[in-house]
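Everything on this sheet refers to the single structure shown next.
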Amino acid sequence: MRYLLRTLLGCCLLACQLPAGAQAPVAGDAPAARPRIGLVLSGGGARGAAHVGVLKVLDDLHVPVDAIAGTSMGAVVGGLYASGRSGREIEQILSSVDWQDAFRDRSQRSDLNFRRKREDQEFLVQLPLGFREGRFFLPRGLIQGQKLGRLLRELTLPTARITDFDQLPTPFRAVATDLETGQPVILGQGDLATALRASVSAPGIFTPVEREGRLLVDGGIAENLPIDVARAMNVDVLIVVDVGFPLSARDKLGSVASISNQMLAILIRRDSDRQRATLTPRDVVIDPVLGDYSSFDFSRVAVALGRGEAAAQAMTQRLAAFALPPEQYERYLARRARAPEMQPVVGFVRLEEGSDPYAGAIQAAFGDLVGRPLDTAVLARRMGQYYGQGTLESLEYRLVPAEPADPDSPLGLAIKARRNSWGPNYVRFGLRLQDDFAGNSTFDAAARFVMTELNDYGAEWTTDLQLGSNPSLASEVFLPFSHQRRYFIAPHLAFAVRNVPQIVDEEQVGALRVRSGRFGLDIGRELGNRGEVRAGVEREVGSSRVRLGDTSVPRLDFHTREYFGRYSYDSFDSAAFPRRGNSFSMEWRGELQDGAANRVSDSLRMDWRMARSSGRNTAIFWASAGTMIEPQRADQRSYFPLGGFLNLSGLTPDALSAPHYAITRLIYYRKVGSGGEGFLNVPLYAGLSLEAGNAWARRSDISAGSARKDASLFFGLDTFLGPAYVAAGYDDRGRSAFYLFLGRGF
């Protein structure tokens, strides 16, 4: 899968396109004494950072630019320059952007609502599938472009009132491709951020952009080097910057990936060569020496930028011929000066076409912004939190005037929410594999079926199915009382089969096979997107039989009624390898029925985790404890187990079992490798843990002196299927254990 993604992205971002569509001449403001200069910026993904180096040299030489045409990354750089930013300002932007996060479309975990966080922790495979009409559906792109679109929107806010790209500080054209016809589409009007987003949308990677009834994708597919487009903008001479891939030599074509890249490079170069053949001796061509620099390796933006700057400096003599004297250049800069950074008062919030199903929720999420100065940080956080509910393909906003014909009318937010094209029902998967290299292994495959948007308040119905060592089937209906989803009720039921080891003197002497059915009703309140308070009543019926050991022991039937109260908090930034945040939960379970129920006593348990990081280093403090109020009424079926990785790592899983337990861990890990480039990064971690704890039969036995001391060494990999670990654990009483895990987070 990673290999396919790398090939797709390397190919699609490899260049940019656009045969020219004739445009009406643009009136120039340049003096007649000098030629009008057009700038052509090709596509090329991360290679497009070289364009910024060229812009810096043009600024330093006082070379004016009267029109810009760009494709893909060339459109992004050209659009920012056309909006009035200087080359050095764009350099600062490219250097400060977290490109890996921008291309990781999913909201930051801190923005997910609490239900999605719980789901994220239990189902670590990061690819939800749509399901309807008995079929599975994939997204139209691996990345919906939510974060990239939001970034482009923030960068182009000063041009919010401009809908004709000829009215920008420098006239501009972006090139996209019509996905249905394959024809180039020249974008010279409308919303600038949307035009840039369309031009850079590599098909199969980014979701296409819908604009005026068309599905638009990366312009590089149709034409990489939009020379004709710039020529049609009434210019006299062109400065052409081509960062497209060169063709590889035969000795470099030794893999499927290299051959696939070469195939697309041939097609793109063919059109680029046709465009370059139309150039005249007056035109200047700049070819930065980028070699095999990857089109999606945004971690080396500074390298590409430097190569572009060096290539432009090599053409200083020719470029200097277009330079303006200081006074004329100052007048040129004054005409090109971009609008000041805006912080307008939000006059209204309205919905774009097609967003009516979300009217109530959008008003609840953004309505209180009306009458307040626009704060892009607050707006971005609100957008991330609402998008983090997981049911939208895109959530976009624009700053628009109340009256388009009146340039001085108040600005407001126009919000467009588009439901997932593969929804509204989804399937998520989870895998859990554990092997202790001592003959004990477990494997569980889980799937969650989620039916969303059951009512206007966002009700959901989730059904979990797990097969393997511990099969189970569970279902819950989540019914919020309002659009804010604060208060809710949640009827639920579950059936499960599990093994319960029987431990004597730290040795397993047998095992019970427990079958149970549980149903109940919860009521609760979400505390923002970080916490939840929940209470409820449950009834459980089931039986247990001896699976290993003395099989003559008769089957035990049980039936109980309980009440519980639980508080949960989660601000971790990752369920797999958190770098910051906290997680806390506390639960009380009590008994409503006595007598023949054979039920365990009331119990209390707590878990707290805290993560802090510096650079590549992360430390986690983790404490857990539990106690039964009347342990004499309990049996091993309900005891607290200890043992296994990070639960006294030197012991095998569930080696200890008792009615009271406590354990603290101090975990350290360091990111020691990236395993890939750009957003395809698969990090590798090396770490260790120090653990102290035990399980006790009597509360009076609990003491620091009786705690066991354990430690572990581990390597972890954050894979597409969830985290994977190889670990070795050591106990202070001479025991050791080894582990292989897949699909378990912290």
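In the structure tokens, each chain is lettered A, B, ... as it comes, each chain's residues begin at 1, and ligands are numbered from 1 in order of appearance.
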
Show which residues sit within 9 Å of Ala704 (chain A), as a PyMOL selection string. Count only C-alpha atoms, and ignore same-chain residues fewer than 4 positions away. chain A and resi 692-693+708

Closest atom pairs, region 374-445 of chain A residues within 12 Å of region 154-175 of chain A, only C-alpha atoms, as a Markdown table:
| residue | atom | partner | partner_atom | distance |
| --- | --- | --- | --- | --- |
| A:Leu374 | CA | A:Leu157 | CA | 10.8 |
| A:Asp375 | CA | A:Glu154 | CA | 10.7 |
| A:Thr376 | CA | A:Glu154 | CA | 7.3 |
| A:Ala377 | CA | A:Glu154 | CA | 9.6 |
| A:Leu379 | CA | A:Glu154 | CA | 10.3 |
| A:Ala380 | CA | A:Glu154 | CA | 9.2 |
| A:Glu396 | CA | A:Glu154 | CA | 11.4 |
| A:Tyr397 | CA | A:Glu154 | CA | 10.2 |
| A:Arg398 | CA | A:Ala160 | CA | 7.5 |
| A:Leu399 | CA | A:Ala160 | CA | 5.8 |
| A:Val400 | CA | A:Arg161 | CA | 6.7 |
| A:Pro401 | CA | A:Arg161 | CA | 7.1 |
| A:Ala402 | CA | A:Arg161 | CA | 10.8 |
| A:Glu403 | CA | A:Arg161 | CA | 10.8 |
| A:Pro404 | CA | A:Arg161 | CA | 8.5 |
| A:Ala405 | CA | A:Arg161 | CA | 10.5 |
| A:Asp406 | CA | A:Arg161 | CA | 10.1 |
| A:Pro407 | CA | A:Arg161 | CA | 7.3 |
| A:Asp408 | CA | A:Arg161 | CA | 9.4 |
| A:Ser409 | CA | A:Arg161 | CA | 10.1 |
| A:Pro410 | CA | A:Arg161 | CA | 10.6 |
| A:Leu411 | CA | A:Arg161 | CA | 8.7 |
| A:Gly412 | CA | A:Ala160 | CA | 10.5 |
| A:Leu413 | CA | A:Ala160 | CA | 10.8 |
| A:Ala414 | CA | A:Ala160 | CA | 11.6 |

Can you spit out the residues from that selection as a CSV table (one decimal), in the first residue's frame, using N, CA, C and O atoms?
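out.csv written:
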chain,number,residue,atom,x,y,z
A,374,LEU,N,-12.8,38.6,13.5
A,374,LEU,CA,-12.4,37.3,13.0
A,374,LEU,C,-11.1,36.8,13.6
A,374,LEU,O,-10.1,37.5,13.5
A,375,ASP,N,-11.1,35.7,14.3
A,375,ASP,CA,-9.9,35.1,14.9
A,375,ASP,C,-9.6,33.8,14.1
A,375,ASP,O,-10.3,32.9,14.4
A,376,THR,N,-8.6,33.8,13.2
A,376,THR,CA,-8.5,32.6,12.4
A,376,THR,C,-8.1,31.4,13.2
A,376,THR,O,-8.4,30.2,12.9
A,377,ALA,N,-7.4,31.6,14.4
A,377,ALA,CA,-7.0,30.5,15.2
A,377,ALA,C,-8.2,29.8,15.8
A,377,ALA,O,-8.4,28.6,15.9
A,379,LEU,N,-11.3,30.1,14.7
A,379,LEU,CA,-12.1,29.5,13.6
A,379,LEU,C,-11.5,28.2,13.2
A,379,LEU,O,-12.2,27.2,12.9
A,380,ALA,N,-10.2,28.1,13.1
A,380,ALA,CA,-9.5,26.8,12.7
A,380,ALA,C,-9.8,25.8,13.7
A,380,ALA,O,-10.1,24.6,13.3
A,396,GLU,N,-15.5,23.8,4.6
A,396,GLU,CA,-14.8,24.9,4.1
A,396,GLU,C,-15.5,26.2,4.5
A,396,GLU,O,-16.7,26.2,4.7
A,397,TYR,N,-14.7,27.3,4.6
A,397,TYR,CA,-15.3,28.6,4.8
A,397,TYR,C,-14.7,29.6,3.8
A,397,TYR,O,-13.6,29.4,3.3
A,398,ARG,N,-15.5,30.6,3.5
A,398,ARG,CA,-15.0,31.7,2.8
A,398,ARG,C,-15.4,33.0,3.4
A,398,ARG,O,-16.5,33.1,4.1
A,399,LEU,N,-14.6,34.1,3.3
A,399,LEU,CA,-15.1,35.4,3.7
A,399,LEU,C,-15.7,36.0,2.5
A,399,LEU,O,-15.1,36.2,1.5
A,400,VAL,N,-17.0,36.4,2.6
A,400,VAL,CA,-17.7,37.0,1.5
A,400,VAL,C,-18.4,38.2,2.0
A,400,VAL,O,-18.8,38.4,3.1
A,401,PRO,N,-18.6,39.2,1.1
A,401,PRO,CA,-19.4,40.4,1.4
A,401,PRO,C,-20.8,40.1,1.4
A,401,PRO,O,-21.4,39.3,0.7
A,402,ALA,N,-21.6,40.9,2.3
A,402,ALA,CA,-23.0,40.7,2.3
A,402,ALA,C,-23.7,41.0,1.0
A,402,ALA,O,-24.6,40.4,0.6
A,403,GLU,N,-23.1,42.1,0.3
A,403,GLU,CA,-23.6,42.4,-1.0
A,403,GLU,C,-22.4,42.4,-1.9
A,403,GLU,O,-21.6,43.3,-1.9
A,404,PRO,N,-22.3,41.4,-2.8
A,404,PRO,CA,-21.2,41.3,-3.7
A,404,PRO,C,-20.9,42.5,-4.5
A,404,PRO,O,-19.8,42.8,-4.8
A,405,ALA,N,-22.0,43.3,-4.9
A,405,ALA,CA,-21.8,44.4,-5.7
A,405,ALA,C,-21.3,45.6,-4.9
A,405,ALA,O,-20.8,46.6,-5.5
A,406,ASP,N,-21.3,45.6,-3.6
A,406,ASP,CA,-20.9,46.7,-2.8
A,406,ASP,C,-19.5,46.3,-2.2
A,406,ASP,O,-19.5,45.5,-1.2
A,407,PRO,N,-18.4,46.9,-2.6
A,407,PRO,CA,-17.1,46.5,-2.1
A,407,PRO,C,-16.9,46.8,-0.6
A,407,PRO,O,-16.0,46.3,0.0
A,408,ASP,N,-17.8,47.7,-0.1
A,408,ASP,CA,-17.6,48.1,1.3
A,408,ASP,C,-18.6,47.4,2.3
A,408,ASP,O,-18.7,47.8,3.4
A,409,SER,N,-19.4,46.5,1.7
A,409,SER,CA,-20.4,45.8,2.6
A,409,SER,C,-19.7,44.9,3.6
A,409,SER,O,-18.6,44.4,3.4
A,410,PRO,N,-20.4,44.6,4.7
A,410,PRO,CA,-19.7,43.8,5.8
A,410,PRO,C,-19.4,42.4,5.3
A,410,PRO,O,-20.1,41.8,4.4
A,411,LEU,N,-18.3,41.9,5.8
A,411,LEU,CA,-17.9,40.5,5.5
A,411,LEU,C,-18.5,39.5,6.5
A,411,LEU,O,-18.7,39.8,7.7
A,412,GLY,N,-18.7,38.3,6.0
A,412,GLY,CA,-19.2,37.3,6.9
A,412,GLY,C,-18.7,35.9,6.4
A,412,GLY,O,-17.9,35.8,5.4
A,413,LEU,N,-19.0,34.9,7.1
A,413,LEU,CA,-18.5,33.5,6.9
A,413,LEU,C,-19.6,32.8,6.0
A,413,LEU,O,-20.7,32.7,6.4
A,414,ALA,N,-19.1,32.3,4.9
A,414,ALA,CA,-20.0,31.4,4.1
A,414,ALA,C,-19.3,30.0,4.3
A,414,ALA,O,-18.2,29.7,3.9

Counting only C-alpha atoms, the option among A:Arg616, A:Arg735, A:Arg419, A:Arg609 closest to Leu666 (chain A): A:Arg609

With only C-alpha atoms as the basis for distance, which of A:Gly244, A:Ala446, A:Gly38, A:Arg150 is at the shortest distance from Ser295 (chain A)? A:Gly244

List as a PyMOL selection string the protein and nucleic acid residues near Val477 (chain A), meaning an atom at most 9 Å away when only C-alpha atoms are counted, but skip any in the same chain fewer than 4 places from it. chain A and resi 459-463+489-492

CA of Asp242 (chain A) to CA of Val285 (chain A), distance in Å rounded to a single decimal: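 Spanning CA of Asp242 (chain A) to CA of Val285 (chain A) is a straight-line distance of 7.6 Å.
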
Got a sec: who's within 10 Å of region 324-339 of chain A, counting only C-alpha atoms, leaving out chain neighbours fewer than 4 positions off, as a list in words?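 Those residues are Asp29, Ala30, Pro31, Arg34, Asp59, Leu61, His62, Val63, Pro64, Val65, Asp66, Tyr81, Ala82, Ser83, Gly84, Arg85, Ser86, Leu157, Pro158, Thr159, Ala160, Leu168, Pro169, Thr170 and Ala320 of chain A.
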
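Nearest to Gln189 (chain A) of all the residues A:Leu264, A:Glu532, A:Glu212, A:Glu538 is A:Glu212, based on only C-alpha atoms.
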
Smallest atom-to-atom distance to Asn470 (chain A): which of A:Thr316, A:Thr452, A:Ser441, A:Ser543, using only C-alpha atoms?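 Answer, going by the shortest atom-to-atom distance: A:Ser441.
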